[in-house]
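Dumped entry04.cif below, it's mmCIF, C-alpha atoms:
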data_run
loop_
_atom_site.group_PDB
_atom_site.id
_atom_site.type_symbol
_atom_site.label_atom_id
_atom_site.label_comp_id
_atom_site.auth_asym_id
_atom_site.auth_seq_id
_atom_site.Cartn_x
_atom_site.Cartn_y
_atom_site.Cartn_z
ATOM 1 C CA MET A 1 -31.148 12.780 36.751
ATOM 2 C CA GLN A 2 -30.800 16.388 35.748
ATOM 3 C CA ILE A 3 -30.609 17.051 32.031
ATOM 4 C CA ASN A 4 -28.676 20.020 30.616
ATOM 5 C CA LEU A 5 -27.471 21.702 33.783
ATOM 6 C CA PRO A 6 -26.194 25.022 32.407
ATOM 7 C CA ALA A 7 -22.738 24.797 34.013
ATOM 8 C CA VAL A 8 -22.211 21.241 32.739
ATOM 9 C CA VAL A 9 -23.406 22.152 29.235
ATOM 10 C CA ALA A 10 -20.904 25.042 29.229
ATOM 11 C CA GLU A 11 -18.068 22.695 30.239
ATOM 12 C CA VAL A 12 -18.886 20.182 27.513
ATOM 13 C CA GLN A 13 -19.355 22.944 24.942
ATOM 14 C CA ALA A 14 -15.883 24.250 25.796
ATOM 15 C CA ALA A 15 -14.372 20.764 25.432
ATOM 16 C CA PHE A 16 -16.266 20.232 22.164
ATOM 17 C CA ASP A 17 -15.035 23.590 20.830
ATOM 18 C CA GLN A 18 -11.469 22.727 21.808
ATOM 19 C CA TYR A 19 -11.810 19.402 19.989
ATOM 20 C CA GLU A 20 -13.168 21.080 16.847
ATOM 21 C CA THR A 21 -10.328 23.618 16.765
ATOM 22 C CA ALA A 22 -7.771 20.844 17.242
ATOM 23 C CA LEU A 23 -9.423 18.776 14.517
ATOM 24 C CA VAL A 24 -9.330 21.426 11.798
ATOM 25 C CA THR A 25 -5.787 22.545 12.740
ATOM 26 C CA ASN A 26 -4.536 18.954 13.098
ATOM 27 C CA ASP A 27 -3.372 19.528 16.671
ATOM 28 C CA VAL A 28 -2.783 15.844 17.332
ATOM 29 C CA ALA A 29 -1.624 16.373 20.919
ATOM 30 C CA VAL A 30 -4.913 18.021 21.872
ATOM 31 C CA LEU A 31 -6.958 15.443 19.960
ATOM 32 C CA ASP A 32 -5.134 12.652 21.765
ATOM 33 C CA ARG A 33 -5.639 14.355 25.120
ATOM 34 C CA LEU A 34 -9.389 14.735 24.552
ATOM 35 C CA PHE A 35 -9.924 11.011 23.961
ATOM 36 C CA TRP A 36 -10.181 8.773 27.022
ATOM 37 C CA ASN A 37 -6.949 6.799 27.315
ATOM 38 C CA SER A 38 -8.583 3.396 27.574
ATOM 39 C CA PRO A 39 -8.887 0.187 25.565
ATOM 40 C CA HIS A 40 -12.679 0.747 25.867
ATOM 41 C CA THR A 41 -12.621 3.902 23.736
ATOM 42 C CA ILE A 42 -14.080 3.494 20.226
ATOM 43 C CA ARG A 43 -13.986 5.697 17.142
ATOM 44 C CA TYR A 44 -15.861 4.725 13.997
ATOM 45 C CA GLY A 45 -14.593 6.980 11.231
ATOM 46 C CA ALA A 46 -15.755 7.566 7.697
ATOM 47 C CA THR A 47 -13.417 4.804 6.460
ATOM 48 C CA GLU A 48 -12.053 3.114 9.574
ATOM 49 C CA ASN A 49 -13.130 1.368 12.787
ATOM 50 C CA LEU A 50 -10.776 2.047 15.682
ATOM 51 C CA TYR A 51 -10.909 0.140 18.950
ATOM 52 C CA GLY A 52 -8.958 1.479 21.910
ATOM 53 C CA TYR A 53 -7.028 4.660 22.579
ATOM 54 C CA GLU A 54 -3.806 3.355 21.024
ATOM 55 C CA ALA A 55 -5.473 2.653 17.662
ATOM 56 C CA ILE A 56 -7.132 6.082 17.678
ATOM 57 C CA ALA A 57 -3.839 7.828 18.487
ATOM 58 C CA ALA A 58 -2.022 5.888 15.746
ATOM 59 C CA PHE A 59 -4.682 6.926 13.231
ATOM 60 C CA ARG A 60 -4.411 10.565 14.245
ATOM 61 C CA SER A 61 -0.624 10.629 13.951
ATOM 62 C CA ALA A 62 -0.733 9.125 10.438
ATOM 63 C CA ARG A 63 -3.627 11.206 9.067
ATOM 64 C CA SER A 64 -3.009 13.873 6.441
ATOM 65 C CA ALA A 65 -3.367 17.455 7.633
ATOM 66 C CA ILE A 66 -4.691 18.586 4.238
ATOM 67 C CA GLY A 67 -8.353 19.480 3.741
ATOM 68 C CA LEU A 68 -9.486 19.324 7.351
ATOM 69 C CA GLU A 69 -11.430 22.587 7.317
ATOM 70 C CA ARG A 70 -15.166 22.230 7.780
ATOM 71 C CA THR A 71 -18.239 24.075 8.933
ATOM 72 C CA LEU A 72 -20.638 22.795 11.557
ATOM 73 C CA GLN A 73 -24.399 23.078 11.732
ATOM 74 C CA ASN A 74 -27.183 21.802 13.967
ATOM 75 C CA THR A 75 -24.869 20.987 16.868
ATOM 76 C CA VAL A 76 -26.730 19.556 19.856
ATOM 77 C CA ILE A 77 -25.037 18.963 23.199
ATOM 78 C CA THR A 78 -27.035 17.136 25.858
ATOM 79 C CA THR A 79 -25.732 16.483 29.345
ATOM 80 C CA TYR A 80 -26.994 13.842 31.739
ATOM 81 C CA GLY A 81 -26.207 14.646 35.351
ATOM 82 C CA GLN A 82 -22.734 15.986 36.089
ATOM 83 C CA ASP A 83 -20.507 13.456 34.333
ATOM 84 C CA PHE A 84 -21.977 12.247 31.019
ATOM 85 C CA ALA A 85 -22.866 13.985 27.757
ATOM 86 C CA THR A 86 -23.457 13.560 24.056
ATOM 87 C CA ALA A 87 -22.507 15.931 21.252
ATOM 88 C CA ASN A 88 -24.033 15.532 17.809
ATOM 89 C CA THR A 89 -23.388 17.740 14.823
ATOM 90 C CA GLU A 90 -23.617 17.925 11.075
ATOM 91 C CA PHE A 91 -20.666 19.174 9.070
ATOM 92 C CA VAL A 92 -19.728 20.185 5.555
ATOM 93 C CA ARG A 93 -16.174 19.531 4.331
ATOM 94 C CA SER A 94 -15.070 19.990 0.741
ATOM 95 C CA GLY A 95 -18.682 20.130 -0.398
ATOM 96 C CA ARG A 96 -19.609 16.839 1.313
ATOM 97 C CA GLN A 97 -22.038 16.632 4.180
ATOM 98 C CA GLY A 98 -21.456 14.388 7.157
ATOM 99 C CA ARG A 99 -22.506 13.662 10.707
ATOM 100 C CA GLN A 100 -20.542 13.275 13.904
ATOM 101 C CA SER A 101 -21.602 11.960 17.275
ATOM 102 C CA GLN A 102 -19.513 11.863 20.411
ATOM 103 C CA THR A 103 -20.107 10.512 23.878
ATOM 104 C CA TRP A 104 -18.240 12.461 26.566
ATOM 105 C CA MET A 105 -17.465 11.408 30.139
ATOM 106 C CA ARG A 106 -16.025 13.449 32.971
ATOM 107 C CA THR A 107 -12.797 11.825 34.175
ATOM 108 C CA PRO A 108 -10.353 12.952 36.873
ATOM 109 C CA GLU A 109 -8.376 14.591 34.015
ATOM 110 C CA GLY A 110 -11.436 16.401 32.606
ATOM 111 C CA TRP A 111 -14.003 15.740 29.880
ATOM 112 C CA ARG A 112 -12.968 12.989 27.462
ATOM 113 C CA VAL A 113 -14.521 11.399 24.362
ATOM 114 C CA ILE A 114 -15.250 7.754 25.081
ATOM 115 C CA SER A 115 -17.033 6.953 21.829
ATOM 116 C CA ALA A 116 -17.230 8.723 18.480
ATOM 117 C CA HIS A 117 -18.836 8.092 15.126
ATOM 118 C CA ILE A 118 -18.340 9.960 11.848
ATOM 119 C CA SER A 119 -20.284 9.256 8.677
ATOM 120 C CA LEU A 120 -20.613 10.915 5.299
ATOM 121 C CA LEU A 121 -23.927 11.318 3.536
ATOM 122 C CA PRO A 122 -24.248 10.161 -0.078
#
Entire entry expressed as structure tokens:
Amino acid sequence: MQINLPAVVAEVQAAFDQYETALVTNDVAVLDRLFWNSPHTIRYGATENLYGYEAIAAFRSARSAIGLERTLQNTVITTYGQDFATANTEFVRSGRQGRQSQTWMRTPEGWRVISAHISLLP
């Protein structure tokens, strides 16, 4: 297996960047599009555990758009072959530090998040 093929890293970085922009601007349509539309998709949030695309989409549509701005640091994207990747980053939002991990998979529709985890540090 080839790790971090430059072209694949660039593709995942672009998808990750698109996700981050959509997150801080509350572009729910883009956020929904970037998650794999499957009952197997999981998102563990800072205060919620969401199982399946439908639960994730419902959360997104009900979430407040206030205070979503954040800065990222120490972002690491690692690709495994042509179709699988992880993205891990630290963030600071409203003075609080947190961590985010995402697992990305290439689908016929493009790169999609299949698993995500967000946690806040004490």
Q) Just so the selection is clear, what residues does the PyMOL selection byres ((chain A and resi 61-72) around 6) cover here, as number ranges by chain? A) A: 24, 26, 58-60, 73, 90-93
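Restricting the calculation to only C-alpha atoms, the smallest distance between A:Gln102 and any of A:Asn74, A:Thr47, A:Thr41, A:Thr25 is found for A:Thr41.
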(Q) Give me the residues near A:Phe35 as a PyMOL selection string, where near means some atom within 8 Å (using only C-alpha atoms) and where sequence neighbours in that chain fewer than 5 positions away do not count. (A) chain A and resi 41+53+112-114
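Candidate residues A:Pro6, A:Gly110, A:Pro122, A:Gly52 were compared for distance to A:Arg33, and the nearest is A:Gly110, using all atoms listed in the file.
For the atom pair formed by atom CA of A:Gln97 and atom CA of A:Tyr51, the distance is 24.8 Å, given to one decimal.
Of the residues under consideration (A:Pro108, A:Asn37, A:Leu31, A:Leu50), A:Leu31 shows the shortest atom-to-atom contact distance to A:Asp17 when counting all atoms listed in the file.
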Taking (-18.2, 12.0, 34.1) as a centre in this file's frame and 9 Å as the limit, can you find every polymer residue with an atom that close, using all atoms listed in the file, and give them as a JSON list (two decimals) with C-alpha atoms, in the coordinates of the input?
[["chain", "number", "residue", "atom", "x", "y", "z"],
["A", 81, "GLY", "CA", -26.21, 14.65, 35.35],
["A", 82, "GLN", "CA", -22.73, 15.99, 36.09],
["A", 83, "ASP", "CA", -20.51, 13.46, 34.33],
["A", 84, "PHE", "CA", -21.98, 12.25, 31.02],
["A", 85, "ALA", "CA", -22.87, 13.98, 27.76],
["A", 104, "TRP", "CA", -18.24, 12.46, 26.57],
["A", 105, "MET", "CA", -17.46, 11.41, 30.14],
["A", 106, "ARG", "CA", -16.02, 13.45, 32.97],
["A", 107, "THR", "CA", -12.80, 11.82, 34.17],
["A", 108, "PRO", "CA", -10.35, 12.95, 36.87],
["A", 110, "GLY", "CA", -11.44, 16.40, 32.61],
["A", 111, "TRP", "CA", -14.00, 15.74, 29.88],
["A", 112, "ARG", "CA", -12.97, 12.99, 27.46]]
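Among the candidate residues A:Val8, A:Met1, A:Ala55, A:Leu34, the one lying nearest to A:Ile77 is A:Val8, with distances computed using all atoms listed in the file.
Proximity to A:Thr86 was assessed for A:Gln18, A:Gln13, A:Ser119, A:Gln2 counting only C-alpha atoms; the smallest distance is recorded for A:Gln13.
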Q: Quick one: everything within 9 Å of A:Leu120, counting all atoms listed in the file, minus sequence neighbours fewer than 6 positions away in the same chain. Send it as a VMD selection string.
A: chain A and resid 46 96 to 100
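Counting all atoms listed in the file, the residue from A:Gly45, A:Thr89, A:Asn4, A:Ser94 that sits nearest to A:Thr75 is A:Thr89.
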Specify the axis-aligned box that encloses all atoms of stretch 70-82 of chain A listed in the file after padding of 5 Å on each side, stating its centre and edge lengths in Å to one decimal as JSON.
{"center_x": -21.2, "center_y": 19.0, "center_z": 21.9, "size_x": 22.0, "size_y": 20.2, "size_z": 38.3}
Can I get stretch 76-87 of chain A with N, CA and C atoms filled in, as an mmCIF file, in the frame of the given file?
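See result_17.cif below for the written result:
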data_model
loop_
_atom_site.group_PDB
_atom_site.id
_atom_site.type_symbol
_atom_site.label_atom_id
_atom_site.label_comp_id
_atom_site.auth_asym_id
_atom_site.auth_seq_id
_atom_site.Cartn_x
_atom_site.Cartn_y
_atom_site.Cartn_z
ATOM 1 N N VAL A 76 -25.896 19.749 18.669
ATOM 2 C CA VAL A 76 -26.730 19.556 19.856
ATOM 3 C C VAL A 76 -25.878 18.873 20.926
ATOM 4 N N ILE A 77 -25.729 19.540 22.050
ATOM 5 C CA ILE A 77 -25.037 18.963 23.199
ATOM 6 C C ILE A 77 -26.085 18.717 24.273
ATOM 7 N N THR A 78 -26.110 17.497 24.789
ATOM 8 C CA THR A 78 -27.035 17.136 25.858
ATOM 9 C C THR A 78 -26.225 16.530 26.987
ATOM 10 N N THR A 79 -26.435 17.033 28.193
ATOM 11 C CA THR A 79 -25.732 16.483 29.345
ATOM 12 C C THR A 79 -26.718 15.734 30.227
ATOM 13 N N TYR A 80 -26.200 14.709 30.881
ATOM 14 C CA TYR A 80 -26.994 13.842 31.739
ATOM 15 C C TYR A 80 -26.312 13.813 33.095
ATOM 16 N N GLY A 81 -26.868 14.522 34.062
ATOM 17 C CA GLY A 81 -26.207 14.646 35.351
ATOM 18 C C GLY A 81 -24.956 15.496 35.216
ATOM 19 N N GLN A 82 -23.967 15.199 36.029
ATOM 20 C CA GLN A 82 -22.734 15.986 36.089
ATOM 21 C C GLN A 82 -21.596 15.419 35.242
ATOM 22 N N ASP A 83 -21.699 14.138 34.830
ATOM 23 C CA ASP A 83 -20.507 13.456 34.333
ATOM 24 C C ASP A 83 -20.639 12.770 32.979
ATOM 25 N N PHE A 84 -21.748 12.972 32.270
ATOM 26 C CA PHE A 84 -21.977 12.247 31.019
ATOM 27 C C PHE A 84 -22.675 13.168 30.035
ATOM 28 N N ALA A 85 -22.273 13.096 28.750
ATOM 29 C CA ALA A 85 -22.866 13.985 27.757
ATOM 30 C C ALA A 85 -22.737 13.385 26.363
ATOM 31 N N THR A 86 -23.584 13.878 25.471
ATOM 32 C CA THR A 86 -23.457 13.560 24.056
ATOM 33 C C THR A 86 -23.357 14.862 23.275
ATOM 34 N N ALA A 87 -22.618 14.800 22.178
ATOM 35 C CA ALA A 87 -22.507 15.931 21.252
ATOM 36 C C ALA A 87 -22.737 15.388 19.855
#
